[in-house]
$ cat upload.cif   # mmCIF, C-alpha atoms
data_structure
#
loop_
_atom_site.label_atom_id
_atom_site.label_comp_id
_atom_site.auth_asym_id
_atom_site.auth_seq_id
_atom_site.Cartn_x
_atom_site.Cartn_y
_atom_site.Cartn_z
CA MET A 1 13.57 18.23 13.35
CA GLU A 2 15.66 19.68 10.52
CA PRO A 3 13.59 19.58 7.28
CA ILE A 4 14.99 16.90 5.00
CA PHE A 5 12.30 16.43 2.36
CA ASN A 6 13.30 19.40 0.18
CA ASN A 7 16.58 17.82 -0.95
CA THR A 8 15.81 17.03 -4.59
CA GLN A 9 19.36 15.96 -5.40
CA VAL A 10 18.95 13.00 -3.01
CA ALA A 11 15.30 12.43 -3.98
CA PHE A 12 15.95 12.07 -7.72
CA ALA A 13 19.53 10.79 -7.77
CA LEU A 14 18.46 7.61 -9.60
CA LYS A 15 16.46 9.43 -12.29
CA SER A 16 18.05 10.33 -15.61
CA ASP A 17 17.18 13.68 -17.20
CA THR A 18 14.80 11.84 -19.55
CA GLU A 19 13.05 10.08 -16.64
CA LEU A 20 12.79 13.37 -14.79
CA ASP A 21 11.15 15.00 -17.84
CA ARG A 22 8.71 12.08 -18.22
CA ALA A 23 7.74 12.31 -14.54
CA TYR A 24 7.13 16.04 -14.88
CA PHE A 25 4.97 15.47 -17.98
CA LEU A 26 2.92 12.74 -16.25
CA PHE A 27 2.22 14.77 -13.12
CA LYS A 28 1.27 17.75 -15.31
CA LEU A 29 -1.38 15.54 -16.92
CA ILE A 30 -2.53 14.12 -13.56
CA ASP A 31 -2.83 17.67 -12.20
CA SER A 32 -5.77 18.24 -14.55
CA GLN A 33 -9.00 16.52 -13.42
CA PRO A 34 -10.68 16.86 -16.84
CA LEU A 35 -7.65 15.27 -18.54
CA VAL A 36 -7.63 12.40 -16.04
CA ARG A 37 -11.35 11.78 -16.65
CA ILE A 38 -10.93 11.87 -20.43
CA GLY A 39 -7.74 9.78 -20.32
CA THR A 40 -9.42 7.19 -18.09
CA ALA A 41 -12.41 6.88 -20.42
CA VAL A 42 -10.24 6.64 -23.55
CA THR A 43 -7.90 4.08 -21.94
CA ASN A 44 -10.80 1.91 -20.74
CA PHE A 45 -12.35 2.03 -24.20
CA ALA A 46 -9.05 1.21 -25.93
CA ILE A 47 -8.41 -1.80 -23.68
CA LYS A 48 -11.96 -3.16 -23.99
CA ALA A 49 -11.79 -2.71 -27.78
CA HIS A 50 -8.40 -4.48 -27.81
CA LEU A 51 -6.73 -1.53 -29.52
CA PRO A 52 -2.90 -1.70 -29.60
CA VAL A 53 -2.22 0.81 -26.81
CA GLU A 54 -0.09 -1.32 -24.51
CA GLY A 55 3.19 0.02 -25.93
CA LEU A 56 2.18 3.63 -25.26
CA ILE A 57 0.90 2.82 -21.75
CA ARG A 58 4.04 0.82 -20.98
CA ALA A 59 6.36 3.64 -22.07
CA THR A 60 4.58 6.30 -20.00
CA VAL A 61 2.35 5.74 -16.98
CA PHE A 62 3.13 2.02 -16.51
CA ASP A 63 6.91 2.34 -16.34
CA HIS A 64 6.64 5.32 -13.99
CA PHE A 65 4.33 3.64 -11.44
CA CYS A 66 5.14 -0.09 -11.94
CA GLY A 67 8.20 -2.31 -11.70
CA GLY A 68 7.37 -4.53 -14.68
CA VAL A 69 4.98 -7.09 -16.12
CA ASN A 70 6.29 -9.92 -13.94
CA GLU A 71 8.34 -10.42 -10.80
CA GLN A 72 11.61 -10.98 -12.70
CA ASP A 73 11.08 -7.68 -14.49
CA CYS A 74 11.11 -5.93 -11.13
CA LEU A 75 14.52 -7.13 -9.94
CA PRO A 76 16.66 -4.50 -11.72
CA VAL A 77 14.41 -1.80 -10.21
CA VAL A 78 14.65 -3.44 -6.77
CA ASP A 79 18.44 -3.59 -6.96
CA LYS A 80 18.73 -0.02 -8.24
CA MET A 81 16.59 1.44 -5.42
CA PHE A 82 18.46 -0.59 -2.82
CA THR A 83 21.75 1.11 -3.81
CA LYS A 84 20.22 4.16 -2.08
CA GLY A 85 18.90 2.17 0.89
CA VAL A 86 15.27 2.02 -0.30
CA SER A 87 13.72 -1.46 -0.06
CA SER A 88 10.87 -2.86 -2.16
CA VAL A 89 7.54 -4.61 -1.58
CA LEU A 90 6.59 -6.58 -4.70
CA ASP A 91 2.87 -5.94 -5.16
CA TYR A 92 0.99 -8.11 -7.67
CA SER A 93 -1.52 -5.40 -8.60
CA VAL A 94 -4.07 -7.35 -10.63
CA GLU A 95 -7.54 -6.32 -9.41
CA GLY A 96 -11.17 -7.28 -9.87
CA LYS A 97 -10.84 -11.03 -10.50
CA GLU A 98 -13.72 -13.36 -9.59
CA GLU A 99 -12.77 -16.92 -10.59
CA GLU A 100 -11.29 -19.68 -8.45
CA GLU A 101 -8.40 -20.31 -10.85
CA GLN A 102 -7.55 -16.59 -10.69
CA PHE A 103 -7.49 -16.72 -6.89
CA ASP A 104 -5.23 -19.77 -7.04
CA ALA A 105 -2.95 -17.93 -9.49
CA ALA A 106 -2.76 -14.98 -7.04
CA LEU A 107 -1.88 -17.41 -4.24
CA LYS A 108 0.89 -18.91 -6.36
CA MET A 109 2.26 -15.46 -7.19
CA THR A 110 2.16 -14.37 -3.52
CA LEU A 111 4.10 -17.47 -2.49
CA LYS A 112 6.66 -16.60 -5.13
CA THR A 113 7.07 -13.10 -3.69
CA VAL A 114 7.48 -14.60 -0.19
CA GLU A 115 10.33 -16.66 -1.60
CA PHE A 116 11.84 -13.54 -3.20
CA ALA A 117 11.63 -11.76 0.15
CA LYS A 118 13.39 -14.67 1.87
CA GLU A 119 16.22 -14.60 -0.67
CA LYS A 120 16.71 -10.83 -1.06
CA LEU A 121 17.59 -8.37 1.70
CA ALA A 122 16.16 -5.61 -0.53
CA ILE A 123 12.63 -7.13 -0.25
CA PRO A 124 11.68 -7.15 3.46
CA PHE A 125 7.92 -7.76 3.02
CA ALA A 126 5.48 -9.73 0.88
CA VAL A 127 1.92 -8.47 0.31
CA PHE A 128 -1.51 -9.46 -0.98
CA LYS A 129 -5.06 -8.12 -1.17
CA PRO A 130 -7.91 -10.10 0.46
CA THR A 131 -9.94 -9.93 -2.77
CA GLY A 132 -6.96 -11.49 -4.55
CA PHE A 133 -7.87 -14.67 -2.66
CA GLY A 134 -11.69 -14.52 -2.71
CA ARG A 135 -14.75 -12.68 -3.97
CA LEU A 136 -15.60 -9.29 -2.48
CA ASP A 137 -19.28 -10.24 -2.26
CA LEU A 138 -18.42 -13.30 -0.19
CA TYR A 139 -16.43 -11.22 2.34
CA THR A 140 -19.37 -8.80 2.47
CA LYS A 141 -21.92 -11.53 3.12
CA ILE A 142 -19.83 -12.97 5.95
CA GLY A 143 -19.12 -9.54 7.46
CA GLU A 144 -22.84 -8.77 7.49
CA GLY A 145 -23.64 -12.10 9.20
CA GLN A 146 -25.71 -13.44 6.31
CA THR A 147 -26.34 -17.17 5.99
CA LEU A 148 -24.07 -18.87 3.48
CA THR A 149 -25.15 -21.60 1.08
CA ASP A 150 -23.25 -24.89 1.21
CA SER A 151 -21.27 -23.93 -1.89
CA GLU A 152 -20.43 -20.54 -0.35
CA LYS A 153 -19.23 -22.24 2.85
CA ALA A 154 -16.93 -24.43 0.76
CA GLU A 155 -15.78 -21.34 -1.16
CA TRP A 156 -14.99 -19.50 2.10
CA ASP A 157 -13.06 -22.53 3.38
CA ARG A 158 -10.85 -22.21 0.29
CA VAL A 159 -10.30 -18.49 1.01
CA VAL A 160 -9.26 -19.31 4.60
CA GLU A 161 -6.97 -22.03 3.30
CA ARG A 162 -5.24 -19.61 0.89
CA PHE A 163 -4.66 -17.14 3.74
CA ASP A 164 -3.30 -19.91 5.94
CA ILE A 165 -0.97 -21.30 3.27
CA VAL A 166 0.65 -17.90 2.72
CA CYS A 167 0.84 -16.94 6.40
CA LYS A 168 2.32 -20.32 7.34
CA ASP A 169 4.88 -20.02 4.54
CA ALA A 170 5.80 -16.47 5.57
CA HIS A 171 6.18 -17.60 9.20
CA SER A 172 8.39 -20.56 8.29
CA LYS A 173 10.61 -18.30 6.14
CA ASP A 174 10.62 -15.42 8.65
CA VAL A 175 9.17 -12.99 6.08
CA ALA A 176 6.84 -10.19 7.18
CA LEU A 177 3.53 -10.27 5.30
CA LEU A 178 1.37 -7.21 4.64
CA ILE A 179 -2.35 -7.78 3.99
CA ASP A 180 -4.02 -4.77 2.39
CA ALA A 181 -7.34 -3.23 3.46
CA GLU A 182 -10.22 -2.68 1.05
CA GLU A 183 -13.82 -1.40 1.14
CA SER A 184 -15.38 -1.07 4.61
CA TRP A 185 -18.31 -3.37 3.76
CA MET A 186 -15.99 -6.33 3.20
CA GLN A 187 -13.38 -5.42 5.82
CA ASP A 188 -15.01 -6.98 8.92
CA ALA A 189 -14.64 -10.48 7.49
CA ALA A 190 -11.07 -9.75 6.38
CA ASP A 191 -10.19 -8.27 9.80
CA ASP A 192 -11.46 -11.36 11.62
CA LEU A 193 -9.53 -13.65 9.30
CA VAL A 194 -6.27 -11.65 9.60
CA ALA A 195 -6.63 -11.51 13.41
CA HIS A 196 -6.99 -15.30 13.36
CA MET A 197 -3.73 -15.53 11.39
CA MET A 198 -2.01 -13.21 13.88
CA ARG A 199 -3.03 -15.51 16.74
CA LYS A 200 -1.49 -18.47 14.88
CA TYR A 201 1.66 -16.95 13.44
CA ASN A 202 2.54 -13.85 15.52
CA LYS A 203 3.42 -15.66 18.75
CA GLU A 204 7.09 -14.61 18.77
CA LYS A 205 6.89 -11.34 16.79
CA ALA A 206 4.82 -9.63 14.11
CA ILE A 207 4.88 -11.65 10.89
CA VAL A 208 1.29 -11.07 9.69
CA TYR A 209 0.30 -7.40 9.26
CA ASN A 210 -3.24 -6.12 8.75
CA THR A 211 -3.95 -2.64 7.33
CA LEU A 212 -5.86 0.21 8.99
CA GLN A 213 -7.42 2.84 6.73
CA LEU A 214 -7.49 5.81 9.08
CA TYR A 215 -9.87 7.93 7.07
CA ARG A 216 -12.33 5.61 8.84
CA HIS A 217 -13.27 7.08 12.23
CA ASP A 218 -13.67 3.64 13.90
CA ARG A 219 -10.17 2.30 13.28
CA ILE A 220 -8.41 3.53 16.43
CA ASP A 221 -11.06 1.81 18.54
CA TYR A 222 -10.52 -1.36 16.51
CA LEU A 223 -6.74 -1.15 17.09
CA LYS A 224 -7.17 -0.68 20.84
CA LYS A 225 -9.58 -3.62 21.05
CA LEU A 226 -7.15 -5.83 19.09
CA HIS A 227 -4.36 -4.70 21.42
CA GLU A 228 -6.34 -5.92 24.45
CA GLN A 229 -6.87 -9.28 22.72
CA ALA A 230 -3.15 -9.51 21.89
CA LYS A 231 -2.17 -8.88 25.51
CA ALA A 232 -4.71 -11.39 26.80
CA GLU A 233 -3.92 -14.12 24.25
CA GLY A 234 -0.19 -13.60 23.83
CA PHE A 235 0.32 -12.55 20.21
CA TYR A 236 1.96 -9.60 18.46
CA ILE A 237 0.25 -7.05 16.21
CA GLY A 238 1.64 -6.06 12.84
CA MET A 239 -0.18 -3.12 11.25
CA LYS A 240 0.23 -1.04 8.13
CA LEU A 241 -1.30 2.41 8.65
CA VAL A 242 -2.64 4.38 5.67
CA ARG A 243 -5.13 7.16 5.25
CA GLY A 244 -7.26 5.27 2.72
CA ALA A 245 -8.09 4.68 -0.92
CA TYR A 246 -11.85 4.29 -1.43
CA MET A 247 -13.38 7.54 -0.19
CA GLU A 248 -15.72 8.32 -3.10
CA LYS A 249 -17.01 4.72 -3.18
CA GLU A 250 -17.54 4.76 0.60
CA HIS A 251 -19.55 8.01 0.57
CA LYS A 252 -21.63 6.89 -2.42
CA ARG A 253 -22.57 3.49 -0.94
CA ALA A 254 -23.41 4.99 2.47
CA GLU A 255 -25.70 7.51 0.78
CA GLU A 256 -27.38 4.88 -1.42
CA LYS A 257 -27.99 2.46 1.46
CA GLY A 258 -28.87 5.10 4.03
CA TYR A 259 -26.23 4.52 6.71
CA PRO A 260 -23.71 7.03 8.16
CA THR A 261 -20.49 7.29 6.18
CA PRO A 262 -17.58 5.52 7.89
CA ILE A 263 -15.22 8.26 6.68
CA CYS A 264 -13.91 11.02 8.96
CA SER A 265 -15.74 14.34 8.68
CA SER A 266 -12.76 16.26 7.20
CA LYS A 267 -9.21 15.97 5.90
CA GLU A 268 -8.01 17.48 9.20
CA ALA A 269 -9.89 14.80 11.19
CA THR A 270 -8.30 12.11 9.00
CA ASP A 271 -4.83 13.56 9.58
CA GLU A 272 -5.43 13.62 13.35
CA ASN A 273 -6.72 10.04 13.24
CA TYR A 274 -3.69 8.86 11.28
CA ASP A 275 -1.20 10.56 13.59
CA ALA A 276 -3.06 9.20 16.64
CA GLY A 277 -2.77 5.67 15.22
CA VAL A 278 0.97 6.05 14.66
CA SER A 279 1.44 7.53 18.15
CA TYR A 280 -0.51 4.68 19.77
CA MET A 281 1.56 2.05 18.01
CA ILE A 282 4.93 3.68 18.79
CA SER A 283 3.85 3.83 22.44
CA HIS A 284 3.22 0.06 22.41
CA LEU A 285 6.11 -1.31 20.36
CA ASP A 286 6.54 -4.03 22.98
CA LYS A 287 3.54 -5.73 21.35
CA MET A 288 3.42 -4.05 17.92
CA ALA A 289 5.23 -3.39 14.66
CA VAL A 290 4.17 -0.56 12.35
CA PHE A 291 4.47 0.04 8.61
CA ALA A 292 3.60 3.74 8.19
CA GLY A 293 2.33 4.06 4.64
CA THR A 294 2.10 7.79 3.94
CA HIS A 295 2.92 10.44 1.36
CA ASN A 296 2.29 13.14 3.96
CA GLU A 297 5.47 14.96 4.93
CA GLU A 298 4.04 16.29 8.20
CA SER A 299 3.05 12.79 9.36
CA SER A 300 6.51 11.52 8.45
CA TYR A 301 8.18 14.24 10.53
CA LYS A 302 5.84 13.45 13.44
CA LEU A 303 6.82 9.78 13.31
CA ILE A 304 10.51 10.75 13.34
CA ASP A 305 9.87 12.90 16.43
CA LEU A 306 7.95 10.07 18.14
CA MET A 307 10.85 7.69 17.52
CA LEU A 308 13.21 10.21 19.14
CA GLN A 309 10.90 10.71 22.13
CA HIS A 310 10.56 6.95 22.70
CA ARG A 311 14.26 6.30 22.01
CA VAL A 312 13.47 4.01 19.09
CA ALA A 313 16.52 3.43 16.87
CA LYS A 314 16.21 4.63 13.26
CA ASN A 315 16.76 1.10 11.97
CA ASP A 316 14.49 -0.67 14.49
CA ASN A 317 12.84 -3.39 12.39
CA ARG A 318 9.47 -2.78 14.11
CA VAL A 319 9.14 0.62 12.38
CA TRP A 320 9.01 1.10 8.60
CA PHE A 321 8.09 4.05 6.43
CA GLY A 322 6.39 3.21 3.12
CA GLN A 323 5.49 5.01 -0.10
CA LEU A 324 4.33 3.97 -3.55
CA TYR A 325 6.79 3.59 -6.40
CA GLY A 326 6.73 6.66 -8.64
CA MET A 327 5.55 9.00 -5.88
CA SER A 328 7.04 10.96 -2.96
CA ASP A 329 10.66 10.13 -3.78
CA ASN A 330 11.60 13.17 -1.71
CA ILE A 331 10.27 11.37 1.38
CA SER A 332 11.55 7.85 0.58
CA TYR A 333 15.12 8.63 -0.48
CA ASN A 334 15.78 11.35 2.08
CA LEU A 335 14.52 9.09 4.90
CA ALA A 336 16.72 6.25 3.65
CA ALA A 337 19.72 8.60 3.41
CA ALA A 338 19.07 9.57 7.05
CA GLY A 339 19.16 5.90 8.11
CA TYR A 340 15.45 5.02 8.50
CA ASN A 341 13.78 1.82 7.26
CA VAL A 342 11.97 2.66 4.01
CA ALA A 343 10.15 0.45 1.50
CA LYS A 344 8.45 1.34 -1.76
CA TYR A 345 5.39 -0.61 -2.91
CA LEU A 346 6.44 -1.85 -6.35
CA PRO A 347 3.36 -2.88 -8.38
CA PHE A 348 3.72 -5.40 -11.21
CA GLY A 349 1.55 -7.47 -13.55
CA PRO A 350 0.43 -7.62 -17.20
CA VAL A 351 -0.21 -4.10 -18.54
CA ARG A 352 -3.91 -4.67 -19.25
CA ASP A 353 -4.54 -6.32 -15.89
CA VAL A 354 -2.78 -3.55 -13.95
CA MET A 355 -4.69 -0.72 -15.64
CA PRO A 356 -7.48 -0.59 -12.97
CA TYR A 357 -4.74 -0.02 -10.37
CA LEU A 358 -3.07 2.71 -12.48
CA ILE A 359 -6.38 4.48 -13.14
CA ARG A 360 -7.10 4.46 -9.39
CA ARG A 361 -3.64 5.96 -8.75
CA ALA A 362 -4.31 8.80 -11.20
CA GLU A 363 -7.77 9.50 -9.78
CA GLU A 364 -6.45 9.50 -6.20
CA ASN A 365 -3.69 11.95 -7.11
CA THR A 366 -6.18 14.41 -8.54
CA SER A 367 -8.34 14.18 -5.40
CA VAL A 368 -5.54 14.64 -2.80
CA ALA A 369 -5.10 18.36 -2.31
CA GLY A 370 -1.55 19.50 -2.92
CA GLN A 371 -0.05 16.06 -3.69
CA THR A 372 0.46 16.52 -7.42
CA SER A 373 1.50 20.19 -7.19
CA ARG A 374 4.14 19.19 -4.60
CA GLU A 375 5.50 16.52 -6.96
CA LEU A 376 5.64 19.09 -9.79
CA THR A 377 7.42 21.66 -7.63
CA LEU A 378 10.08 19.15 -6.58
CA LEU A 379 10.60 17.89 -10.14
CA LYS A 380 10.92 21.44 -11.45
CA THR A 381 13.41 22.30 -8.69
CA GLU A 382 15.60 19.34 -9.63
CA ARG A 383 15.40 20.10 -13.36
CA ASP A 384 16.45 23.69 -12.67
CA ARG A 385 19.27 22.54 -10.37
CA ARG A 386 20.68 20.24 -13.06
CA LYS A 387 20.53 22.96 -15.73
CA LYS A 388 22.80 25.13 -13.58
CA LEU A 389 25.49 22.45 -13.32
#
$ encode --input "upload.cif" --output "structure tokens"
Amino acid sequence: MEPIFNNTQVAFALKSDTELDRAYFLFKLIDSQPLVRIGTAVTNFAIKAHLPVEGLIRATVFDHFCGGVNEQDCLPVVDKMFTKGVSSVLDYSVEGKEEEEQFDAALKMTLKTVEFAKEKLAIPFAVFKPTGFGRLDLYTKIGEGQTLTDSEKAEWDRVVERFDIVCKDAHSKDVALLIDAEESWMQDAADDLVAHMMRKYNKEKAIVYNTLQLYRHDRIDYLKKLHEQAKAEGFYIGMKLVRGAYMEKEHKRAEEKGYPTPICSSKEATDENYDAGVSYMISHLDKMAVFAGTHNEESSYKLIDLMLQHRVAKNDNRVWFGQLYGMSDNISYNLAAAGYNVAKYLPFGPVRDVMPYLIRRAEENTSVAGQTSRELTLLKTERDRRKKL
């Protein structure tokens, strides 16, 4: 199709000159691996030492990649993006919690975002992470088939209950619910639990969505197996497709524990796996709905072509494109301008609590070949275009 992702006027229409300059400065920093490593270490130290750095973080990296410190904070950003046809997914991005009261707080916040999604056309999905509702080690133990203690059984029952409360609420309010994927060693237990929720709440259409990380070479087989179950048992599959976010951790753990890495052998193999997953789902939209989470322009063009081949309307609610807030605006806004369904993940939460998420974002950007340099090229192009006006 005609290339559309080079149009920087559309991509950055909502950014002021100051915001454009800040974005350029941030991606320049992220482009340097040594600076990211040093910045990460200094930031972690400053937060642990309770140094007053929140104002600086808020004014730079936080405001670029996050919608605000709470859900109300996000609404002006949501409304602004929606003027250009780009929807939002409010993502409570507090990570690494371990206490029951913190899991209950995450449940409460997720229910609040489901309510927001019901009330606002600009918020078509709610989302949560499995480890927002329970301990990673507990998921791991269950996934590995280990025997649980009585207290762990009771703890897992509470995790299942939290999942069910949110999925039931989303179903009753007709709000699609994305459930993120995490490390492979906890994912089996999460997959089984999400599939259980699909059986309960996806009887008429896809409400509950799982996530496939397609840098894992086993995920297409998992999707096909789930498809057979869906046909046999009469439920719909909702699936967010991403490449993945835990590659270094996955390789390191596989090496330490002496098992084969679950990650594809190369970037090319991952790209092929991702595109195969998208193709499979578009070929089976009678039973599926797909949220294609990607910052890859080539994959986005391939999905557009697949939709044309299968005569899928641009605004078919079973097909969404998704990117992260603060990244790949050239994809998001140009797709929206062309009439496709597009949603940005909009992270929010207290500055200190969201820092692990922001650090992961910076580290991922330095490790994805070409991502940051592409952002810089587009930002420079738009700055130059505006100077000529």
$ atom_distance --input "upload.cif" --atom1 "CA of Phe62 in chain A" --atom2 "CA of His251 in chain A"
29.0 Å
$ resolve_selection --input "upload.cif" --expression "the PyMOL selection byres ((chain A and resi 330) around 8)" --output "JSON, numbers by chain"
{"A": [5, 6, 7, 8, 10, 11, 12, 328, 329, 331, 332, 333, 334, 378]}
$ resolve_selection --input "upload.cif" --expression "the PyMOL selection byres ((chain A and resi 272) around 12)" --output "list in words"
Leu214, Tyr215, Arg216, His217, Ile220, Arg243, Cys264, Ser265, Ser266, Lys267, Glu268, Ala269, Thr270, Asp271, Asn273, Tyr274, Asp275, Ala276, Gly277, Val278, Ser279, Glu298, Ser299 and Lys302 of chain A
$ closest_atom_pairs --input "upload.cif" --of "range 251-309 of chain A" --to "range 222-236 of chain A" --cutoff "10 Å" --atoms "only C-alpha atoms" --output "CSV"
residue,atom,partner,partner_atom,distance
A:Gly277,CA,A:Leu223,CA,8.1
A:Tyr280,CA,A:Lys224,CA,8.6
A:Met281,CA,A:Leu223,CA,8.9
A:His284,CA,A:His227,CA,9.0
A:Leu285,CA,A:Tyr236,CA,9.5
A:Asp286,CA,A:Tyr236,CA,8.5
A:Lys287,CA,A:Tyr236,CA,5.1
A:Met288,CA,A:Tyr236,CA,5.8
A:Ala289,CA,A:Tyr236,CA,8.0
$ write_last_selection --input "upload.cif" --atoms "C-alpha atoms" --output "PDB file, in the frame of the given file"
ATOM      1  CA  GLY A 277      -2.770   5.670  15.220  1.00  0.00           C
ATOM      2  CA  TYR A 280      -0.510   4.680  19.770  1.00  0.00           C
ATOM      3  CA  MET A 281       1.560   2.050  18.010  1.00  0.00           C
ATOM      4  CA  HIS A 284       3.220   0.060  22.410  1.00  0.00           C
ATOM      5  CA  LEU A 285       6.110  -1.310  20.360  1.00  0.00           C
ATOM      6  CA  ASP A 286       6.540  -4.030  22.980  1.00  0.00           C
ATOM      7  CA  LYS A 287       3.540  -5.730  21.350  1.00  0.00           C
ATOM      8  CA  MET A 288       3.420  -4.050  17.920  1.00  0.00           C
ATOM      9  CA  ALA A 289       5.230  -3.390  14.660  1.00  0.00           C
TER      10      ALA A 289
END
$ resolve_selection --input "upload.cif" --expression "the PyMOL selection byres ((chain A and resi 206) around 12)" --output "PyMOL selection string"
chain A and resi 125+167+170-171+174-178+195+197-205+207-210+230+234-240+285-291+317-319
$ closest_residue --input "upload.cif" --among "A:Tyr246, A:Phe128, A:Phe65, A:Phe27" --to "Leu376 in chain A" --atoms "all atoms listed in the file"
A:Phe27
$ closest_residue --input "upload.cif" --among "A:Val342, A:Ala23, A:Ile263, A:Ala292" --to "Thr211 in chain A" --atoms "all atoms listed in the file"
A:Ala292
$ atom_distance --input "upload.cif" --atom1 "CA of Trp156 in chain A" --atom2 "CA of Leu107 in chain A"
14.7 Å
$ residues_around --input "upload.cif" --residues "Gln323 in chain A" --least-positions-apart "4" --cutoff "6 Å" --atoms "all atoms listed in the file" --output "list in words"
Gly293, Thr294 and Lys344 of chain A
$ closest_residue --input "upload.cif" --among "A:Gln187, A:Ser172, A:Gln102, A:Gln213" --to "Gly143 in chain A" --atoms "only C-alpha atoms"
A:Gln187
$ atom_distance --input "upload.cif" --atom1 "CA of Leu324 in chain A" --atom2 "CA of Tyr345 in chain A"
4.7 Å
$ closest_atom_pairs --input "upload.cif" --of "range 312-378 of chain A" --to "range 80-97 of chain A" --cutoff "6 Å" --atoms "only C-alpha atoms" --output "JSON lines"
{"residue": "A:Ala336", "atom": "CA", "partner": "A:Gly85", "partner_atom": "CA", "distance": 5.4}
{"residue": "A:Val342", "atom": "CA", "partner": "A:Val86", "partner_atom": "CA", "distance": 5.5}
{"residue": "A:Ala343", "atom": "CA", "partner": "A:Ser87", "partner_atom": "CA", "distance": 4.3}
{"residue": "A:Lys344", "atom": "CA", "partner": "A:Ser88", "partner_atom": "CA", "distance": 4.9}
{"residue": "A:Tyr345", "atom": "CA", "partner": "A:Val89", "partner_atom": "CA", "distance": 4.7}
{"residue": "A:Leu346", "atom": "CA", "partner": "A:Leu90", "partner_atom": "CA", "distance": 5.0}
{"residue": "A:Pro347", "atom": "CA", "partner": "A:Asp91", "partner_atom": "CA", "distance": 4.5}
{"residue": "A:Phe348", "atom": "CA", "partner": "A:Tyr92", "partner_atom": "CA", "distance": 5.2}
{"residue": "A:Gly349", "atom": "CA", "partner": "A:Tyr92", "partner_atom": "CA", "distance": 5.9}
{"residue": "A:Asp353", "atom": "CA", "partner": "A:Val94", "partner_atom": "CA", "distance": 5.4}
{"residue": "A:Val354", "atom": "CA", "partner": "A:Val94", "partner_atom": "CA", "distance": 5.2}
$ closest_residue --input "upload.cif" --among "A:Leu51, A:Leu241, A:Leu121, A:Leu75" --to "Phe321 in chain A" --atoms "all atoms listed in the file"
A:Leu241
$ residues_around --input "upload.cif" --residues "Glu101 in chain A" --least-positions-apart "5" --cutoff "12 Å" --atoms "all atoms listed in the file" --output "MDAnalysis selection string"
chainID A and resid 106:108 132:134 158
$ write_last_selection --input "upload.cif" --atoms "C-alpha atoms" --output "PDB file, keeping the file's coordinate frame"
ATOM      1  CA  ALA A 106      -2.760 -14.980  -7.040  1.00  0.00           C
ATOM      2  CA  LEU A 107      -1.880 -17.410  -4.240  1.00  0.00           C
ATOM      3  CA  LYS A 108       0.890 -18.910  -6.360  1.00  0.00           C
ATOM      4  CA  GLY A 132      -6.960 -11.490  -4.550  1.00  0.00           C
ATOM      5  CA  PHE A 133      -7.870 -14.670  -2.660  1.00  0.00           C
ATOM      6  CA  GLY A 134     -11.690 -14.520  -2.710  1.00  0.00           C
ATOM      7  CA  ARG A 158     -10.850 -22.210   0.290  1.00  0.00           C
TER       8      ARG A 158
END
$ residues_around --input "upload.cif" --residues "Lys28 in chain A" --least-positions-apart "4" --cutoff "10 Å" --atoms "all atoms listed in the file" --output "number ranges by chain"
A: 22-24, 32, 35, 372-373, 375-376
$ closest_residue --input "upload.cif" --among "A:Asp164, A:Glu248, A:Asp79, A:Asp73" --to "Leu14 in chain A" --atoms "all atoms listed in the file"
A:Asp79
$ closest_residue --input "upload.cif" --among "A:Glu152, A:Gln146, A:Thr131, A:Asp31" --to "Ile179 in chain A" --atoms "only C-alpha atoms"
A:Thr131
$ residues_around --input "upload.cif" --residues "Glu99 in chain A" --least-positions-apart "4" --cutoff "9 Å" --atoms "only C-alpha atoms" --output "list in words"
Phe103, Asp104, Gly134 and Arg135 of chain A
$ write_last_selection --input "upload.cif" --atoms "C-alpha atoms" --output "CSV table (one decimal), in the coordinates of the input"
chain,number,residue,atom,x,y,z
A,103,PHE,CA,-7.5,-16.7,-6.9
A,104,ASP,CA,-5.2,-19.8,-7.0
A,134,GLY,CA,-11.7,-14.5,-2.7
A,135,ARG,CA,-14.8,-12.7,-4.0
$ closest_atom_pairs --input "upload.cif" --of "range 187-239 of chain A" --to "range 136-142 of chain A" --cutoff "9 Å" --atoms "all atoms listed in the file" --output "Markdown table"
| residue | atom | partner | partner_atom | distance |
| --- | --- | --- | --- | --- |
| A:Gln187 | CA | A:Tyr139 | CA | 7.4 |
| A:Asp188 | CA | A:Tyr139 | CA | 8.0 |
| A:Ala189 | CA | A:Tyr139 | CA | 5.5 |
| A:Ala190 | CA | A:Tyr139 | CA | 6.9 |
$ build_atoms --input "upload.cif" --residues "range 14-19 of chain A" --atoms "N, CA and C atoms" --output "compact mmCIF listing (two decimals), keeping the file's coordinate frame"
# COMPACT_ATOMS: atom_id res chain seq x y z
N LEU A 14 18.52 8.77 -8.70
CA LEU A 14 18.46 7.61 -9.60
C LEU A 14 17.78 7.91 -10.93
N LYS A 15 17.19 9.10 -11.06
CA LYS A 15 16.46 9.43 -12.29
C LYS A 15 17.38 10.13 -13.30
N SER A 16 17.36 9.64 -14.53
CA SER A 16 18.05 10.33 -15.61
C SER A 16 17.28 11.60 -15.97
N ASP A 17 17.88 12.47 -16.76
CA ASP A 17 17.18 13.68 -17.20
C ASP A 17 15.90 13.32 -17.96
N THR A 18 15.97 12.27 -18.77
CA THR A 18 14.80 11.84 -19.55
C THR A 18 13.68 11.36 -18.62
N GLU A 19 14.04 10.57 -17.60
CA GLU A 19 13.05 10.08 -16.64
C GLU A 19 12.45 11.22 -15.82
